[in-house]
Amino acid sequence: MNANVPRVMWQLLEPLHAVTYFAPEARAAADAIGMRGFWMGYFAMRAAPLGPVGPDVVTAAFHGFHPARVHRALPDAWTFAAPSSVLRARLDGAGAALERLLTDTTLDSDDLCAAATLAWKAAEHADTAGRVLGAANQALPAPVEPHLRLWQAATTLREHRGDGHVAALVAHGMSPVQAHLLKAAADETDMDVLRQGRKWDDADWISGAEALRERGWLDGSDRLTAVGVRERNRIEQLTDEAAAGPWRALGDELTTTLARLLRPLAGAIVESGTVPVASPIGLRWPPSGEDNLEPSLSAASARHRSG
């Protein structure tokens with residue numbers, strides 16, 4: 001498999017999933033079931049597939065947040081709404097956002113239905129051993145409406161990839177703060193956005209940077225050294241390798257087809273400004289590596305036609 005496939009597919013699916021963080025419809029759905037503020041809605045909706053878990057479990061699974069940020073939301077969220085109600089609300093909110101962002105013609109199209117079918121098939125083949133969030137999402141039933149099925153498949157694949165990324169970070173001894181510092185040093189996101197969202201204090205950031213400088217990954221200006229570039233690239237390579245299973249199972253031709261079906265959908269969402277590129281997610285748009293992906297996928301399609 002072309003090494004670009006897992007990363008490009010993540011970048012094409014991420015905008016569909018991420019409406020649940022950024023779209024006003026998602027916030028409204030969380031508010032409607034009693035969530036108190038953005039962060040309570042965020043943690044409850046993302047954690048709901050796990051059941052009424054406490055803050056320590058969520059802090060561990062999500063990896064990036066200061067425990068105090070999570071403790072302010074959980075377990076209180078479950079006193080306002082049970083996980084089953086939260087799951088319904090997050091699906092309703094994501095669906096309403098997609099219904100606004102995509103045209104009626106698109107929503108009713110054979111292409112969207114085909115994209116939902118292929119994405120769901122890929123998600124079904126995600127290996128969830130050791131992947132708690134991926135497994136919890138994979139176990140949810142398939143929504144009837146194609147755009148909701150596509151959103152849930154994108155969410156399962158996204159959490160599957162995220163679980164693998166956390167494993168790669170842990171294997172490299174990366175604390176949450178150190179992982180954020182690496183991301184910012186690689187110009188994937190803004191440092192202030194990360195600090196505000198993840199709620200680590202100044203002392204945590206300072207000690208995290210010192211640890212990375214001691215390892216030779218950051219220089220005195222907190223930019224990546226040659227060693228830092230190499231090690232960070234290795235973490236990203238391992239993340240991609242861990243996320244390749246669903247696409248290997250789907251096969252080159254069907255993955256190509258899904259990529260082409262997703263491109264206009266993801267593009268419409270990003271171009272609307274609803275899902276910002278400058279966010280802690282570190283989304284690249286247009287997808288980096290997309291041009292290099294196409295020749296390999298086109299060759300696979302040609303082989304299929306000739307066969």
# chains A, B, ... in the order shown; residues from 1 in each chain; ligands from 1
>>> select_by_dssp(residues="range 28-194 of chain A", states="helix (DSSP H, G or I)", output="PyMOL selection string")
chain A and resi 28-32+38-50+55-62+67-71+77-80+83-101+104-107+110-124+132-138+146-171+176-185+191-194
>>> residues_around(residues="Pro83 in chain A", least_positions_apart="3", cutoff="9 Å", atoms="only C-alpha atoms", output="tab-separated table (two decimals) with all heavy atoms, in the first residue's frame")
chain	number	residue	atom	x	y	z
A	44	ALA	N	-18.35	14.85	27.10
A	44	ALA	CA	-19.45	13.89	27.18
A	44	ALA	C	-19.72	13.25	25.82
A	44	ALA	O	-19.89	12.03	25.71
A	44	ALA	CB	-20.71	14.58	27.70
A	45	MET	N	-19.77	14.06	24.77
A	45	MET	CA	-20.09	13.51	23.45
A	45	MET	C	-19.00	12.60	22.93
A	45	MET	O	-19.28	11.55	22.34
A	45	MET	CB	-20.38	14.64	22.48
A	45	MET	CG	-21.71	15.32	22.72
A	45	MET	SD	-22.19	16.39	21.34
A	45	MET	CE	-23.90	16.72	21.79
A	47	ALA	N	-16.82	10.95	24.78
A	47	ALA	CA	-16.64	9.79	25.66
A	47	ALA	C	-17.88	8.90	25.72
A	47	ALA	O	-17.78	7.76	26.22
A	47	ALA	CB	-16.29	10.26	27.07
A	48	ALA	N	-19.03	9.37	25.25
A	48	ALA	CA	-20.28	8.63	25.42
A	48	ALA	C	-20.25	7.19	24.94
A	48	ALA	O	-20.88	6.32	25.56
A	48	ALA	CB	-21.43	9.39	24.75
A	49	PRO	N	-19.54	6.85	23.85
A	49	PRO	CA	-19.50	5.44	23.45
A	49	PRO	C	-18.89	4.53	24.51
A	49	PRO	O	-19.13	3.31	24.49
A	49	PRO	CB	-18.62	5.46	22.19
A	49	PRO	CG	-18.79	6.83	21.64
A	49	PRO	CD	-18.88	7.71	22.85
A	50	LEU	N	-18.13	5.08	25.45
A	50	LEU	CA	-17.52	4.28	26.51
A	50	LEU	C	-18.47	4.02	27.66
A	50	LEU	O	-18.15	3.22	28.56
A	50	LEU	CB	-16.28	5.00	27.06
A	50	LEU	CG	-15.13	5.28	26.07
A	50	LEU	CD1	-14.09	6.18	26.72
A	50	LEU	CD2	-14.49	3.98	25.60
A	51	GLY	N	-19.62	4.70	27.69
A	51	GLY	CA	-20.52	4.61	28.83
A	51	GLY	C	-20.22	5.72	29.82
A	51	GLY	O	-19.43	6.63	29.54
A	52	PRO	N	-20.81	5.67	31.03
A	52	PRO	CA	-20.66	6.75	32.01
A	52	PRO	C	-19.32	6.70	32.74
A	52	PRO	O	-19.24	6.56	33.96
A	52	PRO	CB	-21.83	6.52	32.96
A	52	PRO	CG	-22.05	5.05	32.92
A	52	PRO	CD	-21.76	4.64	31.49
A	78	TRP	N	-22.91	13.22	33.29
A	78	TRP	CA	-23.84	12.09	33.31
A	78	TRP	C	-25.01	12.32	34.26
A	78	TRP	O	-25.99	11.57	34.20
A	78	TRP	CB	-23.10	10.81	33.70
A	78	TRP	CG	-21.82	10.59	32.94
A	78	TRP	CD1	-20.60	10.30	33.47
A	78	TRP	CD2	-21.64	10.63	31.52
A	78	TRP	NE1	-19.66	10.17	32.48
A	78	TRP	CE2	-20.26	10.36	31.26
A	78	TRP	CE3	-22.48	10.88	30.43
A	78	TRP	CZ2	-19.73	10.33	29.98
A	78	TRP	CZ3	-21.95	10.85	29.15
A	78	TRP	CH2	-20.59	10.58	28.93
A	86	VAL	N	-26.73	11.26	25.15
A	86	VAL	CA	-25.62	12.03	24.58
A	86	VAL	C	-25.28	11.52	23.18
A	86	VAL	O	-25.03	12.31	22.25
A	86	VAL	CB	-24.40	11.97	25.51
A	86	VAL	CG1	-23.22	12.70	24.87
A	86	VAL	CG2	-24.72	12.60	26.86
A	87	LEU	N	-25.29	10.22	23.01
A	87	LEU	CA	-25.01	9.65	21.69
A	87	LEU	C	-26.04	10.10	20.67
A	87	LEU	O	-25.70	10.42	19.52
A	87	LEU	CB	-24.99	8.12	21.78
A	87	LEU	CG	-23.77	7.49	22.43
A	87	LEU	CD1	-23.99	5.99	22.63
A	87	LEU	CD2	-22.52	7.73	21.59
A	88	ARG	N	-27.29	10.13	21.07
A	88	ARG	CA	-28.34	10.58	20.15
A	88	ARG	C	-28.15	12.06	19.81
A	88	ARG	O	-28.29	12.48	18.66
A	88	ARG	CB	-29.71	10.37	20.80
A	88	ARG	CG	-30.91	10.76	19.96
A	88	ARG	CD	-31.07	9.82	18.77
A	88	ARG	NE	-30.69	10.44	17.51
A	88	ARG	CZ	-30.69	9.83	16.36
A	88	ARG	NH1	-31.00	8.55	16.28
A	88	ARG	NH2	-30.35	10.46	15.25
>>> residues_around(residues="Trp205 in chain A", least_positions_apart="5", cutoff="10 Å", atoms="only C-alpha atoms", output="JSON, numbers by chain")
{"A": [177, 178, 180, 181, 195, 200, 210, 211]}
>>> closest_residue(among="A:Pro67, A:Gly54, A:Pro280, A:Pro15", to="Asp201 in chain A", atoms="only C-alpha atoms")
A:Pro67
>>> atom_distance(atom1="CA of Leu107 in chain A", atom2="CA of His147 in chain A")
6.8 Å
>>> closest_residue(among="A:Tyr42, A:Phe62, A:Phe22, A:Trp10", to="Ile269 in chain A", atoms="only C-alpha atoms")
A:Phe22
>>> atom_distance(atom1="CA of Pro143 in chain A", atom2="CA of Val70 in chain A")
28.8 Å
>>> atom_distance(atom1="CA of Val144 in chain A", atom2="CA of Thr79 in chain A")
29.1 Å
>>> closest_residue(among="A:Leu101, A:Val8, A:His125, A:Arg69", to="Pro246 in chain A", atoms="only C-alpha atoms")
A:His125
>>> closest_residue(among="A:Arg90, A:Arg100, A:His71, A:Lys121", to="Gly251 in chain A", atoms="only C-alpha atoms")
A:Lys121
>>> residues_around(residues="Pro276 in chain A", least_positions_apart="5", cutoff="10 Å", atoms="only C-alpha atoms", output="list of chain:residue names")
A:Pro15, A:Ala18, A:Val19, A:Phe22, A:Ile269, A:Val270, A:Glu271, A:Ile281, A:Gly282, A:Leu283, A:Trp285
>>> closest_residue(among="A:Asn4, A:Thr256, A:Ser85, A:Ser288", to="Glu188 in chain A", atoms="only C-alpha atoms")
A:Ser288
